[in-house]
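Enquirer: My questions will all concern the structure given below.
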Amino acid sequence: MPLFDQLYNFAHWLTQNREEAEDLVQETFTKALRGFSSFQLGTNFRAWMYRILRNTFLTSRTGLRATMTVPLEAEDDGPELAVESDTPETILIERSNSHLLQSAIDELPVLFREVILLCEIEEMSYEEIAETLSVPIGTVMSRMSRARKRLRESLRGSRQHSSAVKAK
Amino acid sequence: MGCDSWKAKLDTYLDGELPAEEMRPFAEHVRGCPTCAADALARVQMKRSVQAAGKRFTPSAEFRKRMQKSIEAKPRKRNFGFAWVLASAVVATLLVIGFAANNRNGARGRAEQSYSEVADLHVATLASSAPVDVISTDRHTVKPWFQGKIPFAFDLPELQNTEFSLLGARMTYLDQVPGAHLIYEVGKHRISVFIFQQGALRGDFDDNSGAKKKLSFNLETWEQGGLRYFVIGDASAGEITKLSNLFKSIAS
């Protein structure tokens, strides 16, 4: 089964639930097998599979609920944060704790979470992500930038929280 | 351009998505600017951390088995439907003709699907940060590594005095069939050689017609000694054929 493990990982990140992820992957493969004739040779097979999975997710109850809380595209990104001595990266290295990062990714709105996962874990190009999400490349770039900003802020927030707890 | 303008594009640069004409000036700036270099390093660390943390969930063995069963069960359902329709002689005749044509198209379709999957495996492997499980240029190291991992044995060609070099190998799956994936280099091109048991794969493969274009890659496939070979890469058709011939010459 091509891309089975990768699709499952992506599905679990989207649904945040093992059983729902299994159902989502199963439905994706069923739809892909049923509609394989609609796949055009020469186009991107991986993007096609991820698009089926994502569209299936978005029409599920969990997907509909998740996308209801997404901020508007036009929202101002604000300036890029300057490099500080206490950056999210140094926090990560210091703690060498992937749970912190996993929680931060989990907390991202689904439209930001998916774009980060497709870029960093699946190592898709912006063009491939645009094809998967059926959005223009400009939207992919803007979502990537906002997703990364949120991730960094979330890591900073968790650092401040943990310092405050220690001080008590 | 000031550092702020560069920084706005830093993530795009690190994702390898800046236009070609901007890549070089950007790289030069990062090399000469300690602030941007530190920022770039931090962001690369973040990318790596996200990558590591993101590979978090793996499907259970039970779910994998269930999926494989459900996919294998699909063609059987179609056959049952076909048998039922045979009750009517006229309709049956039409269906037999239709089924035969469909079957031919189906076999070809399955082969095309396998080509797509092979191309996908090739691309996905090269995009991976760890493309090979056994890193060696020595065929006498690579071949024994597969012992006990795949249900067949194969030979690798001698590459001395050729332009090809072996980079390593990994185990792979096609159509739920385990196989060997060897990665070669010629110039700056990477070529994948996939080997599977012929009987285990489904599809009407187009043998011995030389390298052909599939999904913009050059691909050659043939059957030899009960094994199915696929050689695929973005190298020229001549180079794909040359590497294929090295494999073909082992048995002859």
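We name chains A, B, ... following the order of the structure tokens; residues begin at 1 in each chain, and ligands are numbered from 1 as shown.
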For B:Ala52, list every protein, DNA or RNA residue within 10 Å, evaluated using only C-alpha atoms, and leave out those in the same chain fewer than 6 positions away; present the list as JSON, numbers by chain.

Expert: {"A": [98, 101, 102, 120, 121], "B": [46]}

Enquirer: Those selected residues, please, written with C-alpha atoms and delivered as a compact mmCIF listing (two decimals), in the first residue's frame.

Expert:
# COMPACT_ATOMS: atom_id res chain seq x y z
CA SER A 98 9.74 16.51 21.50
CA LEU A 101 6.81 20.57 20.20
CA GLN A 102 4.16 17.92 19.63
CA GLU A 120 8.35 19.70 7.28
CA ILE A 121 7.44 16.03 7.64
CA MET B 46 13.45 24.29 14.42

Enquirer: Skip B:His189 itself and residues of its chain fewer than 4 positions away, then list as a list of chain:residue names all residues within 10 Å of it, counting only C-alpha atoms.

Expert: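 Counting only C-alpha atoms, the residues come to B:Phe164, B:Tyr184, B:Glu185, B:Gly233, B:Asp234, B:Ala235, B:Ser236, B:Glu239.
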
Enquirer: Please, which residues of stretch 6-250 of chain B, numbered as in this document, come out alpha helix (DSSP H) from DSSP, as an mmCIF file with N, CA and C atoms, in the first residue's frame?

Expert:
data_model
loop_
_atom_site.group_PDB
_atom_site.id
_atom_site.type_symbol
_atom_site.label_atom_id
_atom_site.label_comp_id
_atom_site.auth_asym_id
_atom_site.auth_seq_id
_atom_site.Cartn_x
_atom_site.Cartn_y
_atom_site.Cartn_z
ATOM 1 N N TRP B 6 15.761 40.620 4.109
ATOM 2 C CA TRP B 6 16.259 39.249 3.958
ATOM 3 C C TRP B 6 15.484 38.313 4.880
ATOM 4 N N LYS B 7 15.299 38.791 6.126
ATOM 5 C CA LYS B 7 14.675 37.918 7.135
ATOM 6 C C LYS B 7 13.264 37.509 6.751
ATOM 7 N N ALA B 8 12.567 38.441 6.080
ATOM 8 C CA ALA B 8 11.191 38.120 5.675
ATOM 9 C C ALA B 8 11.169 36.920 4.734
ATOM 10 N N LEU B 10 13.587 34.476 4.839
ATOM 11 C CA LEU B 10 14.505 33.445 5.343
ATOM 12 C C LEU B 10 13.892 32.042 5.312
ATOM 13 N N ASP B 11 12.640 31.925 5.750
ATOM 14 C CA ASP B 11 11.997 30.600 5.752
ATOM 15 C C ASP B 11 11.838 30.068 4.329
ATOM 16 N N THR B 12 11.476 30.962 3.414
ATOM 17 C CA THR B 12 11.311 30.551 2.009
ATOM 18 C C THR B 12 12.655 30.070 1.461
ATOM 19 N N TYR B 13 13.722 30.768 1.847
ATOM 20 C CA TYR B 13 15.070 30.373 1.424
ATOM 21 C C TYR B 13 15.423 28.994 1.983
ATOM 22 N N LEU B 14 15.141 28.795 3.274
ATOM 23 C CA LEU B 14 15.488 27.508 3.908
ATOM 24 C C LEU B 14 14.614 26.363 3.395
ATOM 25 N N ALA B 20 15.378 31.097 -8.364
ATOM 26 C CA ALA B 20 16.795 30.791 -8.578
ATOM 27 C C ALA B 20 17.671 32.049 -8.555
ATOM 28 N N GLU B 21 17.164 33.146 -9.132
ATOM 29 C CA GLU B 21 17.991 34.363 -9.216
ATOM 30 C C GLU B 21 18.209 35.010 -7.846
ATOM 31 N N GLU B 22 17.366 34.665 -6.863
ATOM 32 C CA GLU B 22 17.537 35.259 -5.524
ATOM 33 C C GLU B 22 18.352 34.365 -4.592
ATOM 34 N N MET B 23 18.484 33.098 -4.962
ATOM 35 C CA MET B 23 19.156 32.136 -4.073
ATOM 36 C C MET B 23 20.607 32.538 -3.808
ATOM 37 N N ARG B 24 21.345 32.838 -4.885
ATOM 38 C CA ARG B 24 22.775 33.133 -4.723
ATOM 39 C C ARG B 24 23.019 34.398 -3.875
ATOM 40 N N PRO B 25 22.369 35.563 -4.226
ATOM 41 C CA PRO B 25 22.592 36.736 -3.361
ATOM 42 C C PRO B 25 22.173 36.489 -1.914
ATOM 43 N N PHE B 26 21.128 35.696 -1.733
ATOM 44 C CA PHE B 26 20.669 35.411 -0.373
ATOM 45 C C PHE B 26 21.735 34.615 0.380
ATOM 46 N N ALA B 27 22.248 33.576 -0.277
ATOM 47 C CA ALA B 27 23.267 32.729 0.358
ATOM 48 C C ALA B 27 24.498 33.562 0.709
ATOM 49 N N GLU B 28 24.871 34.468 -0.200
ATOM 50 C CA GLU B 28 26.044 35.321 0.062
ATOM 51 C C GLU B 28 25.805 36.225 1.267
ATOM 52 N N HIS B 29 24.570 36.755 1.352
ATOM 53 C CA HIS B 29 24.272 37.634 2.491
ATOM 54 C C HIS B 29 24.353 36.847 3.804
ATOM 55 N N VAL B 30 23.745 35.660 3.807
ATOM 56 C CA VAL B 30 23.717 34.864 5.042
ATOM 57 C C VAL B 30 25.143 34.519 5.473
ATOM 58 N N ARG B 31 26.003 34.221 4.495
ATOM 59 C CA ARG B 31 27.403 33.896 4.833
ATOM 60 C C ARG B 31 28.119 35.075 5.483
ATOM 61 N N GLY B 32 27.762 36.304 5.020
ATOM 62 C CA GLY B 32 28.493 37.478 5.511
ATOM 63 C C GLY B 32 27.836 38.192 6.672
ATOM 64 N N PRO B 34 26.408 37.837 10.432
ATOM 65 C CA PRO B 34 26.299 36.940 11.597
ATOM 66 C C PRO B 34 24.877 36.855 12.161
ATOM 67 N N THR B 35 24.131 37.984 12.124
ATOM 68 C CA THR B 35 22.775 37.967 12.685
ATOM 69 C C THR B 35 21.866 37.046 11.867
ATOM 70 N N CYS B 36 21.922 37.218 10.542
ATOM 71 C CA CYS B 36 21.063 36.386 9.683
ATOM 72 C C CYS B 36 21.526 34.922 9.734
ATOM 73 N N ALA B 37 22.847 34.718 9.844
ATOM 74 C CA ALA B 37 23.368 33.348 9.900
ATOM 75 C C ALA B 37 22.862 32.649 11.159
ATOM 76 N N ALA B 38 22.873 33.397 12.277
ATOM 77 C CA ALA B 38 22.393 32.812 13.544
ATOM 78 C C ALA B 38 20.903 32.511 13.452
ATOM 79 N N ASP B 39 20.161 33.439 12.838
ATOM 80 C CA ASP B 39 18.720 33.246 12.678
ATOM 81 C C ASP B 39 18.451 32.027 11.777
ATOM 82 N N ALA B 40 19.233 31.928 10.708
ATOM 83 C CA ALA B 40 19.052 30.791 9.776
ATOM 84 C C ALA B 40 19.323 29.476 10.494
ATOM 85 N N LEU B 41 20.386 29.466 11.284
ATOM 86 C CA LEU B 41 20.750 28.238 12.007
ATOM 87 C C LEU B 41 19.622 27.835 12.968
ATOM 88 N N ALA B 42 19.103 28.848 13.662
ATOM 89 C CA ALA B 42 18.021 28.572 14.624
ATOM 90 C C ALA B 42 16.799 28.001 13.911
ATOM 91 N N ARG B 43 16.502 28.564 12.743
ATOM 92 C CA ARG B 43 15.310 28.091 12.014
ATOM 93 C C ARG B 43 15.521 26.694 11.443
ATOM 94 N N VAL B 44 16.761 26.404 11.053
ATOM 95 C CA VAL B 44 17.053 25.042 10.566
ATOM 96 C C VAL B 44 16.861 24.051 11.713
ATOM 97 N N GLN B 45 17.318 24.452 12.901
ATOM 98 C CA GLN B 45 17.145 23.575 14.081
ATOM 99 C C GLN B 45 15.667 23.334 14.362
ATOM 100 N N MET B 46 14.892 24.400 14.202
ATOM 101 C CA MET B 46 13.448 24.289 14.424
ATOM 102 C C MET B 46 12.833 23.339 13.392
ATOM 103 N N LYS B 47 13.253 23.489 12.133
ATOM 104 C CA LYS B 47 12.728 22.613 11.067
ATOM 105 C C LYS B 47 13.029 21.150 11.397
ATOM 106 N N ARG B 48 14.272 20.912 11.823
ATOM 107 C CA ARG B 48 14.668 19.531 12.153
ATOM 108 C C ARG B 48 13.872 18.989 13.326
ATOM 109 N N SER B 49 13.658 19.852 14.318
ATOM 110 C CA SER B 49 12.910 19.401 15.495
ATOM 111 C C SER B 49 11.475 19.065 15.126
ATOM 112 N N VAL B 50 10.870 19.915 14.276
ATOM 113 C CA VAL B 50 9.482 19.659 13.854
ATOM 114 C C VAL B 50 9.425 18.352 13.066
ATOM 115 N N GLN B 51 10.414 18.163 12.223
ATOM 116 C CA GLN B 51 10.453 16.940 11.408
ATOM 117 C C GLN B 51 10.511 15.692 12.304
ATOM 118 N N ALA B 52 11.370 15.772 13.324
ATOM 119 C CA ALA B 52 11.520 14.620 14.221
ATOM 120 C C ALA B 52 10.252 14.404 15.048
ATOM 121 N N ALA B 53 9.713 15.508 15.557
ATOM 122 C CA ALA B 53 8.522 15.384 16.415
ATOM 123 C C ALA B 53 7.289 15.003 15.607
ATOM 124 N N GLY B 54 7.285 15.354 14.334
ATOM 125 C CA GLY B 54 6.096 15.113 13.494
ATOM 126 C C GLY B 54 5.901 13.667 13.103
ATOM 127 N N ALA B 61 -0.219 -2.992 13.773
ATOM 128 C CA ALA B 61 -0.093 -4.165 12.893
ATOM 129 C C ALA B 61 -1.480 -4.696 12.545
ATOM 130 N N GLU B 62 -2.374 -4.597 13.515
ATOM 131 C CA GLU B 62 -3.738 -5.110 13.318
ATOM 132 C C GLU B 62 -4.458 -4.299 12.236
ATOM 133 N N PHE B 63 -4.287 -2.975 12.289
ATOM 134 C CA PHE B 63 -4.923 -2.104 11.292
ATOM 135 C C PHE B 63 -4.321 -2.335 9.899
ATOM 136 N N ARG B 64 -2.997 -2.502 9.865
ATOM 137 C CA ARG B 64 -2.315 -2.757 8.584
ATOM 138 C C ARG B 64 -2.882 -4.040 7.946
ATOM 139 N N LYS B 65 -3.031 -5.072 8.783
ATOM 140 C CA LYS B 65 -3.530 -6.362 8.288
ATOM 141 C C LYS B 65 -4.973 -6.199 7.775
ATOM 142 N N ARG B 66 -5.752 -5.468 8.534
ATOM 143 C CA ARG B 66 -7.160 -5.245 8.168
ATOM 144 C C ARG B 66 -7.261 -4.517 6.817
ATOM 145 N N MET B 67 -6.407 -3.539 6.636
ATOM 146 C CA MET B 67 -6.406 -2.764 5.386
ATOM 147 C C MET B 67 -6.007 -3.637 4.208
ATOM 148 N N GLN B 68 -4.963 -4.455 4.432
ATOM 149 C CA GLN B 68 -4.506 -5.318 3.346
ATOM 150 C C GLN B 68 -5.607 -6.284 2.936
ATOM 151 N N LYS B 69 -6.300 -6.825 3.949
ATOM 152 C CA LYS B 69 -7.394 -7.762 3.664
ATOM 153 C C LYS B 69 -8.499 -7.070 2.890
ATOM 154 N N SER B 70 -8.852 -5.869 3.304
ATOM 155 C CA SER B 70 -9.983 -5.181 2.666
ATOM 156 C C SER B 70 -9.637 -4.818 1.219
ATOM 157 N N ILE B 71 -8.383 -4.512 0.953
ATOM 158 C CA ILE B 71 -7.989 -4.174 -0.419
ATOM 159 C C ILE B 71 -7.954 -5.424 -1.292
ATOM 160 N N GLU B 72 -7.436 -6.527 -0.718
ATOM 161 C CA GLU B 72 -7.376 -7.785 -1.480
ATOM 162 C C GLU B 72 -8.775 -8.318 -1.779
ATOM 163 N N ALA B 73 -9.715 -8.028 -0.889
ATOM 164 C CA ALA B 73 -11.070 -8.573 -1.035
ATOM 165 C C ALA B 73 -11.837 -7.921 -2.178
ATOM 166 N N LYS B 74 -11.443 -6.740 -2.591
ATOM 167 C CA LYS B 74 -12.225 -5.994 -3.589
ATOM 168 C C LYS B 74 -12.400 -6.698 -4.937
ATOM 169 N N PRO B 75 -11.320 -7.262 -5.580
ATOM 170 C CA PRO B 75 -11.527 -7.886 -6.874
ATOM 171 C C PRO B 75 -12.473 -9.076 -6.801
ATOM 172 N N ARG B 76 -12.433 -9.826 -5.659
ATOM 173 C CA ARG B 76 -13.286 -10.998 -5.510
ATOM 174 C C ARG B 76 -14.767 -10.603 -5.588
ATOM 175 N N LYS B 77 -15.091 -9.474 -5.006
ATOM 176 C CA LYS B 77 -16.476 -9.012 -5.015
ATOM 177 C C LYS B 77 -16.941 -8.803 -6.449
ATOM 178 N N ARG B 78 -16.044 -8.247 -7.276
ATOM 179 C CA ARG B 78 -16.380 -7.964 -8.656
ATOM 180 C C ARG B 78 -16.647 -9.272 -9.405
ATOM 181 N N ASN B 79 -15.845 -10.321 -9.132
ATOM 182 C CA ASN B 79 -16.023 -11.599 -9.801
ATOM 183 C C ASN B 79 -17.377 -12.207 -9.459
ATOM 184 N N PHE B 80 -17.786 -12.049 -8.206
ATOM 185 C CA PHE B 80 -19.055 -12.599 -7.770
ATOM 186 C C PHE B 80 -20.199 -11.938 -8.555
ATOM 187 N N GLY B 81 -20.102 -10.631 -8.711
ATOM 188 C CA GLY B 81 -21.103 -9.889 -9.468
ATOM 189 C C GLY B 81 -21.159 -10.370 -10.907
ATOM 190 N N PHE B 82 -20.012 -10.640 -11.443
ATOM 191 C CA PHE B 82 -19.911 -11.088 -12.833
ATOM 192 C C PHE B 82 -20.594 -12.442 -13.006
ATOM 193 N N ALA B 83 -20.373 -13.371 -12.048
ATOM 194 C CA ALA B 83 -20.964 -14.705 -12.125
ATOM 195 C C ALA B 83 -22.493 -14.622 -12.079
ATOM 196 N N TRP B 84 -22.966 -13.729 -11.275
ATOM 197 C CA TRP B 84 -24.414 -13.573 -11.137
ATOM 198 C C TRP B 84 -25.039 -13.126 -12.458
ATOM 199 N N VAL B 85 -24.388 -12.255 -13.164
ATOM 200 C CA VAL B 85 -24.919 -11.720 -14.416
ATOM 201 C C VAL B 85 -24.953 -12.791 -15.507
ATOM 202 N N ALA B 89 -28.028 -15.388 -20.834
ATOM 203 C CA ALA B 89 -27.050 -15.758 -21.857
ATOM 204 C C ALA B 89 -26.617 -14.568 -22.717
ATOM 205 N N VAL B 90 -27.580 -13.782 -23.122
ATOM 206 C CA VAL B 90 -27.261 -12.657 -24.007
ATOM 207 C C VAL B 90 -26.393 -11.635 -23.283
ATOM 208 N N VAL B 91 -26.853 -11.310 -22.106
ATOM 209 C CA VAL B 91 -26.107 -10.322 -21.313
ATOM 210 C C VAL B 91 -24.721 -10.864 -20.996
ATOM 211 N N ALA B 92 -24.694 -12.203 -20.758
ATOM 212 C CA ALA B 92 -23.418 -12.821 -20.424
ATOM 213 C C ALA B 92 -22.419 -12.671 -21.561
ATOM 214 N N THR B 93 -22.897 -12.903 -22.788
ATOM 215 C CA THR B 93 -21.992 -12.795 -23.938
ATOM 216 C C THR B 93 -21.392 -11.400 -24.005
ATOM 217 N N LEU B 94 -22.295 -10.429 -23.857
ATOM 218 C CA LEU B 94 -21.822 -9.038 -23.901
ATOM 219 C C LEU B 94 -20.815 -8.775 -22.783
ATOM 220 N N LEU B 95 -21.145 -9.351 -21.627
ATOM 221 C CA LEU B 95 -20.262 -9.120 -20.477
ATOM 222 C C LEU B 95 -18.909 -9.792 -20.647
ATOM 223 N N VAL B 96 -18.931 -11.011 -21.255
ATOM 224 C CA VAL B 96 -17.660 -11.722 -21.454
ATOM 225 C C VAL B 96 -16.736 -10.887 -22.329
ATOM 226 N N ILE B 97 -17.324 -10.331 -23.395
ATOM 227 C CA ILE B 97 -16.512 -9.483 -24.286
ATOM 228 C C ILE B 97 -16.001 -8.272 -23.515
ATOM 229 N N GLY B 98 -16.949 -7.671 -22.799
ATOM 230 C CA GLY B 98 -16.588 -6.487 -22.015
ATOM 231 C C GLY B 98 -15.558 -6.800 -20.956
ATOM 232 N N PHE B 99 -15.749 -7.971 -20.317
ATOM 233 C CA PHE B 99 -14.844 -8.347 -19.232
ATOM 234 C C PHE B 99 -13.426 -8.584 -19.760
ATOM 235 N N ALA B 100 -13.364 -9.264 -20.940
ATOM 236 C CA ALA B 100 -12.045 -9.553 -21.525
ATOM 237 C C ALA B 100 -11.294 -8.251 -21.827
ATOM 238 N N ALA B 101 -12.033 -7.317 -22.430
ATOM 239 C CA ALA B 101 -11.402 -6.034 -22.773
ATOM 240 C C ALA B 101 -10.989 -5.302 -21.506
ATOM 241 N N ASN B 102 -11.899 -5.380 -20.520
ATOM 242 C CA ASN B 102 -11.658 -4.711 -19.256
ATOM 243 C C ASN B 102 -10.434 -5.287 -18.544
ATOM 244 N N ASN B 103 -10.340 -6.645 -18.635
ATOM 245 C CA ASN B 103 -9.242 -7.334 -17.986
ATOM 246 C C ASN B 103 -7.899 -6.909 -18.577
ATOM 247 N N ARG B 104 -7.903 -6.830 -19.931
ATOM 248 C CA ARG B 104 -6.670 -6.387 -20.600
ATOM 249 C C ARG B 104 -6.320 -4.982 -20.145
ATOM 250 N N ASN B 105 -7.351 -4.118 -20.166
ATOM 251 C CA ASN B 105 -7.128 -2.742 -19.731
ATOM 252 C C ASN B 105 -6.734 -2.707 -18.261
ATOM 253 N N GLY B 106 -7.380 -3.627 -17.479
ATOM 254 C CA GLY B 106 -7.091 -3.692 -16.046
ATOM 255 C C GLY B 106 -5.650 -4.058 -15.799
ATOM 256 N N ALA B 107 -5.149 -5.076 -16.541
ATOM 257 C CA ALA B 107 -3.758 -5.495 -16.374
ATOM 258 C C ALA B 107 -2.812 -4.363 -16.753
ATOM 259 N N ARG B 108 -3.180 -3.675 -17.852
ATOM 260 C CA ARG B 108 -2.338 -2.548 -18.260
ATOM 261 C C ARG B 108 -2.426 -1.425 -17.229
ATOM 262 N N GLY B 109 -3.669 -1.221 -16.744
ATOM 263 C CA GLY B 109 -3.878 -0.188 -15.730
ATOM 264 C C GLY B 109 -3.069 -0.479 -14.477
ATOM 265 N N ARG B 110 -3.046 -1.776 -14.088
ATOM 266 C CA ARG B 110 -2.275 -2.142 -12.888
ATOM 267 C C ARG B 110 -0.792 -1.894 -13.116
ATOM 268 N N ALA B 111 -0.328 -2.189 -14.357
ATOM 269 C CA ALA B 111 1.090 -1.942 -14.669
ATOM 270 C C ALA B 111 1.383 -0.446 -14.570
ATOM 271 N N GLU B 112 0.457 0.371 -15.128
ATOM 272 C CA GLU B 112 0.650 1.829 -15.074
ATOM 273 C C GLU B 112 0.670 2.295 -13.620
ATOM 274 N N GLN B 113 -0.199 1.662 -12.813
ATOM 275 C CA GLN B 113 -0.247 2.018 -11.395
ATOM 276 C C GLN B 113 1.090 1.677 -10.725
ATOM 277 N N SER B 114 1.626 0.486 -11.104
ATOM 278 C CA SER B 114 2.920 0.094 -10.538
ATOM 279 C C SER B 114 4.008 1.067 -10.959
ATOM 280 N N TYR B 115 3.981 1.519 -12.226
ATOM 281 C CA TYR B 115 4.978 2.497 -12.677
ATOM 282 C C TYR B 115 4.889 3.770 -11.825
ATOM 283 N N SER B 116 3.640 4.204 -11.590
ATOM 284 C CA SER B 116 3.457 5.418 -10.773
ATOM 285 C C SER B 116 4.004 5.214 -9.374
ATOM 286 N N GLU B 117 3.730 4.013 -8.824
ATOM 287 C CA GLU B 117 4.195 3.749 -7.464
ATOM 288 C C GLU B 117 5.715 3.675 -7.399
ATOM 289 N N VAL B 118 6.304 3.078 -8.455
ATOM 290 C CA VAL B 118 7.764 2.988 -8.508
ATOM 291 C C VAL B 118 8.362 4.396 -8.564
ATOM 292 N N ALA B 119 7.756 5.255 -9.396
ATOM 293 C CA ALA B 119 8.230 6.644 -9.490
ATOM 294 C C ALA B 119 8.079 7.332 -8.138
ATOM 295 N N ASP B 120 6.969 7.047 -7.479
ATOM 296 C CA ASP B 120 6.707 7.653 -6.177
ATOM 297 C C ASP B 120 7.719 7.184 -5.129
ATOM 298 N N LEU B 121 8.016 5.878 -5.155
ATOM 299 C CA LEU B 121 9.003 5.330 -4.212
ATOM 300 C C LEU B 121 10.371 5.972 -4.449
ATOM 301 N N HIS B 122 10.714 6.124 -5.733
ATOM 302 C CA HIS B 122 12.002 6.723 -6.097
ATOM 303 C C HIS B 122 12.092 8.156 -5.550
ATOM 304 N N VAL B 123 11.055 8.947 -5.816
ATOM 305 C CA VAL B 123 11.072 10.350 -5.384
ATOM 306 C C VAL B 123 11.051 10.455 -3.857
ATOM 307 N N ALA B 124 10.174 9.670 -3.251
ATOM 308 C CA ALA B 124 10.048 9.740 -1.786
ATOM 309 C C ALA B 124 11.362 9.354 -1.113
ATOM 310 N N THR B 125 12.059 8.370 -1.677
ATOM 311 C CA THR B 125 13.320 7.937 -1.081
ATOM 312 C C THR B 125 14.372 9.026 -1.204
ATOM 313 N N LEU B 126 14.469 9.623 -2.395
ATOM 314 C CA LEU B 126 15.494 10.655 -2.577
ATOM 315 C C LEU B 126 15.201 11.887 -1.734
ATOM 316 N N ALA B 127 13.906 12.121 -1.476
ATOM 317 C CA ALA B 127 13.544 13.294 -0.665
ATOM 318 C C ALA B 127 13.795 13.046 0.819
ATOM 319 N N ARG B 139 29.165 -4.026 -3.426
ATOM 320 C CA ARG B 139 28.035 -4.935 -3.674
ATOM 321 C C ARG B 139 28.098 -6.154 -2.762
ATOM 322 N N HIS B 140 29.313 -6.514 -2.297
ATOM 323 C CA HIS B 140 29.444 -7.680 -1.417
ATOM 324 C C HIS B 140 28.969 -7.367 0.009
ATOM 325 N N THR B 141 28.748 -6.106 0.293
ATOM 326 C CA THR B 141 28.159 -5.721 1.586
ATOM 327 C C THR B 141 26.652 -5.593 1.431
ATOM 328 N N VAL B 142 26.237 -4.999 0.309
ATOM 329 C CA VAL B 142 24.815 -4.714 0.103
ATOM 330 C C VAL B 142 24.011 -6.003 -0.083
ATOM 331 N N LYS B 143 24.507 -6.914 -0.903
ATOM 332 C CA LYS B 143 23.737 -8.131 -1.196
ATOM 333 C C LYS B 143 23.430 -8.947 0.080
ATOM 334 N N PRO B 144 24.446 -9.248 0.922
ATOM 335 C CA PRO B 144 24.139 -10.035 2.126
ATOM 336 C C PRO B 144 23.216 -9.314 3.107
ATOM 337 N N TRP B 145 23.178 -7.972 3.035
ATOM 338 C CA TRP B 145 22.321 -7.216 3.957
ATOM 339 C C TRP B 145 20.844 -7.617 3.789
ATOM 340 N N ALA B 237 17.908 8.473 -21.054
ATOM 341 C CA ALA B 237 17.427 7.134 -21.410
ATOM 342 C C ALA B 237 18.612 6.199 -21.658
ATOM 343 N N GLY B 238 19.696 6.747 -22.264
ATOM 344 C CA GLY B 238 20.880 5.937 -22.556
ATOM 345 C C GLY B 238 21.514 5.396 -21.281
ATOM 346 N N GLU B 239 21.584 6.253 -20.252
ATOM 347 C CA GLU B 239 22.201 5.820 -18.990
ATOM 348 C C GLU B 239 21.335 4.789 -18.265
ATOM 349 N N ILE B 240 20.023 4.978 -18.345
ATOM 350 C CA ILE B 240 19.106 4.006 -17.720
ATOM 351 C C ILE B 240 19.278 2.647 -18.409
ATOM 352 N N THR B 241 19.358 2.674 -19.729
ATOM 353 C CA THR B 241 19.517 1.428 -20.486
ATOM 354 C C THR B 241 20.867 0.787 -20.173
ATOM 355 N N LYS B 242 21.903 1.616 -20.050
ATOM 356 C CA LYS B 242 23.246 1.090 -19.768
ATOM 357 C C LYS B 242 23.266 0.358 -18.413
ATOM 358 N N LEU B 243 22.655 0.994 -17.396
ATOM 359 C CA LEU B 243 22.621 0.350 -16.079
ATOM 360 C C LEU B 243 21.759 -0.921 -16.131
ATOM 361 N N SER B 244 20.645 -0.845 -16.866
ATOM 362 C CA SER B 244 19.780 -2.032 -17.021
ATOM 363 C C SER B 244 20.569 -3.167 -17.659
ATOM 364 N N ASN B 245 21.356 -2.839 -18.691
ATOM 365 C CA ASN B 245 22.121 -3.876 -19.391
ATOM 366 C C ASN B 245 23.163 -4.527 -18.486
ATOM 367 N N LEU B 246 23.703 -3.730 -17.542
ATOM 368 C CA LEU B 246 24.670 -4.306 -16.591
ATOM 369 C C LEU B 246 23.995 -5.391 -15.753
ATOM 370 N N PHE B 247 22.744 -5.117 -15.338
ATOM 371 C CA PHE B 247 21.998 -6.117 -14.573
ATOM 372 C C PHE B 247 21.647 -7.320 -15.446
ATOM 373 N N LYS B 248 21.214 -7.031 -16.678
ATOM 374 C CA LYS B 248 20.798 -8.117 -17.576
ATOM 375 C C LYS B 248 21.984 -9.032 -17.898
ATOM 376 N N SER B 249 23.180 -8.443 -17.949
ATOM 377 C CA SER B 249 24.351 -9.234 -18.354
ATOM 378 C C SER B 249 24.799 -10.211 -17.256
ATOM 379 N N ILE B 250 24.319 -10.018 -16.029
ATOM 380 C CA ILE B 250 24.746 -10.917 -14.940
ATOM 381 C C ILE B 250 24.299 -12.346 -15.237
#

Enquirer: Between atom CA of A:Glu114 and atom CA of A:Phe4, what distance in Å does the model show, to one decimal?

Expert: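 Atom-to-atom, atom CA of A:Glu114 and atom CA of A:Phe4 are spaced 17.2 Å apart.
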
Enquirer: For each of A:Arg18, A:Ala130, A:Leu108, A:Leu3, take the minimum atom-to-atom distance to B:Phe57, counting only C-alpha atoms, then give the residue where this is smallest.

Expert: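 Among A:Arg18, A:Ala130, A:Leu108, A:Leu3, it is A:Arg18 that comes nearest to B:Phe57.
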
Enquirer: Could you give me, as a VMD selection string, the residues within 8 Å of A:Thr132, counting only C-alpha atoms and dropping anything in the same chain fewer than 5 positions from it?

Expert: chain A and resid 47 to 48 50 to 51

Enquirer: Would you save the residues from that selection as a JSON list (two decimals), in the first residue's frame, using N, CA and C atoms?

Expert:
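Result saved to out-v1.json:
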[["chain", "number", "residue", "atom", "x", "y", "z"],
["A", 47, "ALA", "N", 0.36, 13.92, -4.06],
["A", 47, "ALA", "CA", -0.55, 15.04, -3.80],
["A", 47, "ALA", "C", -2.00, 14.59, -3.97],
["A", 48, "TRP", "N", -2.22, 13.71, -4.93],
["A", 48, "TRP", "CA", -3.58, 13.20, -5.19],
["A", 48, "TRP", "C", -4.10, 12.42, -3.98],
["A", 50, "TYR", "N", -3.02, 12.59, -0.80],
["A", 50, "TYR", "CA", -3.19, 13.48, 0.35],
["A", 50, "TYR", "C", -4.44, 14.35, 0.17],
["A", 51, "ARG", "N", -4.71, 14.71, -1.09],
["A", 51, "ARG", "CA", -5.90, 15.56, -1.33],
["A", 51, "ARG", "C", -7.17, 14.77, -0.99]]

Enquirer: Between B:Lys149, B:Arg56, B:Lys188, B:His181, which is the closest to chain A once you count only C-alpha atoms?

Expert: B:Arg56

Enquirer: My list of candidates is B:Phe146, B:Phe205, B:Phe152, B:Phe217. Which is closest to chain A when distances are computed with only C-alpha atoms?

Expert: B:Phe217
